[in-house]
file final_1.csv (CSV, C-alpha atoms)
chain,number,residue,atom,x,y,z
V,211,MET,CA,62.4,-114.9,110.6
V,212,SER,CA,62.0,-112.6,107.5
V,213,LYS,CA,60.0,-110.1,109.6
V,214,LEU,CA,62.8,-110.0,112.1
V,215,PHE,CA,65.4,-109.5,109.4
V,216,THR,CA,63.4,-106.7,107.8
V,217,LEU,CA,63.0,-105.0,111.2
V,218,LEU,CA,66.7,-105.2,111.9
V,219,CYS,CA,67.4,-103.7,108.5
V,220,LEU,CA,65.1,-100.8,109.0
V,221,LEU,CA,66.7,-100.1,112.4
V,222,SER,CA,70.1,-100.2,110.8
V,223,VAL,CA,69.2,-97.7,108.1
V,224,VAL,CA,67.7,-95.3,110.6
V,225,LEU,CA,71.0,-95.6,112.6
V,226,VAL,CA,73.0,-95.0,109.4
V,227,PHE,CA,71.1,-91.7,108.7
V,228,SER,CA,71.1,-90.5,112.3
V,229,THR,CA,74.8,-91.2,112.8
V,230,GLU,CA,76.3,-90.4,109.4
V,231,SER,CA,78.9,-88.2,111.0
V,232,ASN,CA,79.9,-91.0,113.5
V,233,ALA,CA,80.3,-93.4,110.6
V,234,GLN,CA,82.5,-91.0,108.8
V,235,SER,CA,84.7,-90.6,111.8
V,236,GLY,CA,85.0,-94.4,112.3
V,237,ASN,CA,82.7,-94.7,115.3
V,238,SER,CA,79.9,-97.3,114.7
V,239,ILE,CA,76.9,-97.8,116.9
V,240,ILE,CA,75.5,-100.7,115.0
V,241,ASN,CA,75.2,-103.8,117.1
V,242,PRO,CA,77.8,-106.5,116.1
V,243,TYR,CA,75.0,-109.1,115.6
V,244,LEU,CA,73.2,-106.7,113.3
V,245,GLN,CA,76.4,-106.1,111.3
V,246,VAL,CA,76.7,-109.9,110.8
V,247,VAL,CA,73.1,-110.2,109.6
V,248,LEU,CA,73.5,-107.3,107.2
V,249,LEU,CA,76.7,-108.7,105.8
V,250,ASP,CA,75.0,-112.1,105.2
V,251,ALA,CA,72.4,-110.5,103.0
V,252,ALA,CA,72.5,-111.4,99.3
V,253,SER,CA,74.4,-108.8,97.3
V,254,THR,CA,71.4,-108.3,94.9
V,255,GLU,CA,68.8,-108.3,97.6
V,256,MET,CA,66.6,-105.2,97.5
V,257,ILE,CA,64.8,-104.3,100.8
V,258,ASP,CA,61.9,-101.9,101.3
V,259,VAL,CA,62.9,-99.2,103.8
V,260,TYR,CA,60.7,-96.8,105.6
V,261,ALA,CA,62.9,-94.2,107.2
V,262,THR,CA,60.8,-92.0,109.5
V,263,LEU,CA,62.7,-88.9,110.8
V,264,ARG,CA,62.6,-88.2,114.5
V,265,ASP,CA,61.5,-84.7,114.0
V,266,GLN,CA,57.7,-84.6,113.7
V,267,TYR,CA,55.5,-81.5,113.4
V,268,SER,CA,53.6,-80.9,116.6
V,269,LEU,CA,49.9,-81.6,116.5
V,270,ASP,CA,49.3,-78.8,119.0
V,271,ASP,CA,51.2,-76.4,116.7
V,272,LEU,CA,49.0,-77.5,113.7
V,273,LYS,CA,45.9,-77.0,115.7
V,274,GLN,CA,46.9,-73.5,116.8
V,275,GLN,CA,48.0,-72.5,113.3
V,276,THR,CA,44.8,-73.7,111.7
V,277,ALA,CA,42.1,-73.3,114.3
V,278,PHE,CA,40.6,-70.2,112.8
V,279,LEU,CA,40.2,-71.7,109.3
V,280,SER,CA,37.3,-73.4,107.7
V,281,LYS,CA,37.5,-77.1,107.3
V,282,LYS,CA,38.5,-77.0,103.6
V,283,GLU,CA,41.1,-74.2,104.2
V,284,ARG,CA,42.4,-76.0,107.3
V,285,GLN,CA,43.0,-79.2,105.2
V,286,LYS,CA,44.9,-77.2,102.6
V,287,GLU,CA,47.0,-75.4,105.2
V,288,VAL,CA,47.8,-78.6,107.1
V,289,VAL,CA,49.0,-80.2,103.8
V,290,ARG,CA,51.1,-77.1,103.0
V,291,ILE,CA,52.6,-77.0,106.4
V,292,LEU,CA,53.5,-80.7,106.5
V,293,ARG,CA,54.9,-80.7,103.0
V,294,GLU,CA,57.1,-77.7,103.7
V,295,TYR,CA,58.2,-79.2,107.0
V,296,ALA,CA,59.2,-82.5,105.3
V,297,ASN,CA,61.0,-80.7,102.6
V,298,VAL,CA,63.1,-78.8,105.1
V,299,LYS,CA,63.8,-81.7,107.5
V,300,GLN,CA,64.4,-84.3,104.9
V,301,GLN,CA,66.7,-82.3,102.6
V,302,ASP,CA,70.0,-83.9,103.9
V,303,VAL,CA,68.6,-87.4,103.8
V,304,ARG,CA,67.2,-86.9,100.3
V,305,ASN,CA,70.5,-85.6,99.1
V,306,TYR,CA,72.3,-88.6,100.6
V,307,LEU,CA,69.8,-91.0,99.0
V,308,GLU,CA,70.0,-89.3,95.6
V,309,SER,CA,73.8,-89.8,95.8
V,310,ALA,CA,73.3,-93.4,96.7
V,311,LYS,CA,70.8,-93.8,93.9
V,312,GLN,CA,73.5,-92.6,91.4
V,313,GLN,CA,75.7,-95.4,92.7
V,314,ASN,CA,72.8,-97.9,92.2
V,315,LEU,CA,72.7,-98.6,96.0
V,316,VAL,CA,69.1,-97.2,96.4
V,317,SER,CA,66.2,-96.9,94.0
V,318,LYS,CA,62.5,-95.9,94.0
V,319,ILE,CA,62.7,-93.0,96.5
V,320,ASP,CA,59.2,-91.8,97.6
V,321,ILE,CA,58.2,-89.1,100.1
V,322,LEU,CA,55.5,-89.6,102.7
V,323,TRP,CA,55.4,-86.0,103.8
V,324,ALA,CA,52.5,-86.4,106.3
V,325,ALA,CA,54.6,-88.7,108.5
V,326,ASN,CA,58.0,-87.2,107.6
V,327,THR,CA,59.0,-90.5,106.1
V,328,ILE,CA,61.1,-91.5,103.1
V,329,VAL,CA,60.5,-94.8,101.5
V,330,PHE,CA,63.1,-96.4,99.2
V,331,LEU,CA,64.5,-99.7,98.0
V,332,LEU,CA,67.9,-100.5,99.3
V,333,CYS,CA,70.5,-102.9,97.9
V,334,LEU,CA,71.5,-103.8,101.4
V,335,LYS,CA,74.9,-105.4,101.2
V,336,GLN,CA,76.3,-103.0,98.6
V,337,PHE,CA,75.0,-100.0,100.7
V,338,ILE,CA,76.6,-101.3,103.9
V,339,ILE,CA,79.9,-102.1,102.3
V,340,SER,CA,80.0,-98.7,100.7
V,341,GLN,CA,79.6,-97.1,104.1
V,342,LYS,CA,82.7,-98.8,105.4
V,343,PHE,CA,81.5,-99.6,108.9
call {"tool": "encode", "arguments": {"input": "final_1.csv", "output": "structure tokens"}}
result
Amino acid sequence: MSKLFTLLCLLSVVLVFSTESNAQSGNSIINPYLQVVLLDAASTEMIDVYATLRDQYSLDDLKQQTAFLSKKERQKEVVRILREYANVKQQDVRNYLESAKQQNLVSKIDILWAANTIVFLLCLKQFIISQKF
């Protein structure tokens, strides 16, 4: 049951980030059952969240851009490209999470640039309540 709960929480956070403008305009796409589960979470419960952005750097593009390099140079260039890509694509989400961190809704924000993923601890109930779904 806890795995299901964690999965539902992860899905909800991804929906929150992908539909922030909808939430602000009053339109919610979170399933009513999921809303009940989220509201039943303990107010002090902290949940690990892995938010992987939809935008992923194309493997074909990486291959084309680094094919002419030696193995060592290629490794450095792939790291540089993926870090830069994550920095650009994650900027809005990072700003949003930093704001949430200032409100003690989120903590321990880590960046997994290779997968364009942001990992953080979320105080679930307080976060959802603050979003006014």
call {"tool": "closest_atom_pairs", "arguments": {"input": "final_1.csv", "of": "stretch 250-302 of chain V", "to": "stretch 309-325 of chain V", "cutoff": "9 Å", "atoms": "only C-alpha atoms", "output": "JSON lines"}}
result
{"residue": "V:Met256", "atom": "CA", "partner": "V:Val316", "partner_atom": "CA", "distance": 8.5}
{"residue": "V:Thr262", "atom": "CA", "partner": "V:Ala325", "partner_atom": "CA", "distance": 7.1}
{"residue": "V:Leu263", "atom": "CA", "partner": "V:Ala325", "partner_atom": "CA", "distance": 8.4}
{"residue": "V:Gln266", "atom": "CA", "partner": "V:Ala325", "partner_atom": "CA", "distance": 7.3}
{"residue": "V:Tyr267", "atom": "CA", "partner": "V:Ala325", "partner_atom": "CA", "distance": 8.8}
{"residue": "V:Val289", "atom": "CA", "partner": "V:Ala324", "partner_atom": "CA", "distance": 7.5}
{"residue": "V:Leu292", "atom": "CA", "partner": "V:Ala324", "partner_atom": "CA", "distance": 5.8}
{"residue": "V:Arg293", "atom": "CA", "partner": "V:Trp323", "partner_atom": "CA", "distance": 5.4}
{"residue": "V:Glu294", "atom": "CA", "partner": "V:Trp323", "partner_atom": "CA", "distance": 8.5}
{"residue": "V:Tyr295", "atom": "CA", "partner": "V:Trp323", "partner_atom": "CA", "distance": 8.0}
{"residue": "V:Ala296", "atom": "CA", "partner": "V:Trp323", "partner_atom": "CA", "distance": 5.4}
{"residue": "V:Asn297", "atom": "CA", "partner": "V:Trp323", "partner_atom": "CA", "distance": 7.8}
call {"tool": "atom_distance", "arguments": {"input": "final_1.csv", "atom1": "atom CA of V:Arg304", "atom2": "atom CA of V:Gln285"}}
result
25.9 Å
call {"tool": "residues_around", "arguments": {"input": "final_1.csv", "residues": "V:Leu272", "least_positions_apart": "5", "cutoff": "10 Å", "atoms": "all atoms listed in the file", "output": "PyMOL selection string"}}
result
chain V and resi 267+277+284+287-288+291-292
call {"tool": "atom_distance", "arguments": {"input": "final_1.csv", "atom1": "atom CA of V:Tyr306", "atom2": "atom CA of V:Asp258"}}
result
16.9 Å
call {"tool": "atom_distance", "arguments": {"input": "final_1.csv", "atom1": "atom CA of V:Ile257", "atom2": "atom CA of V:Val303"}}
result
17.6 Å
call {"tool": "closest_residue", "arguments": {"input": "final_1.csv", "among": "V:Thr327, V:Asp302, V:Arg290, V:Glu308", "to": "V:Gln275", "atoms": "all atoms listed in the file"}}
result
V:Arg290
call {"tool": "closest_residue", "arguments": {"input": "final_1.csv", "among": "V:Gln274, V:Glu283, V:Tyr260, V:Leu307", "to": "V:Ile328", "atoms": "all atoms listed in the file"}}
result
V:Tyr260
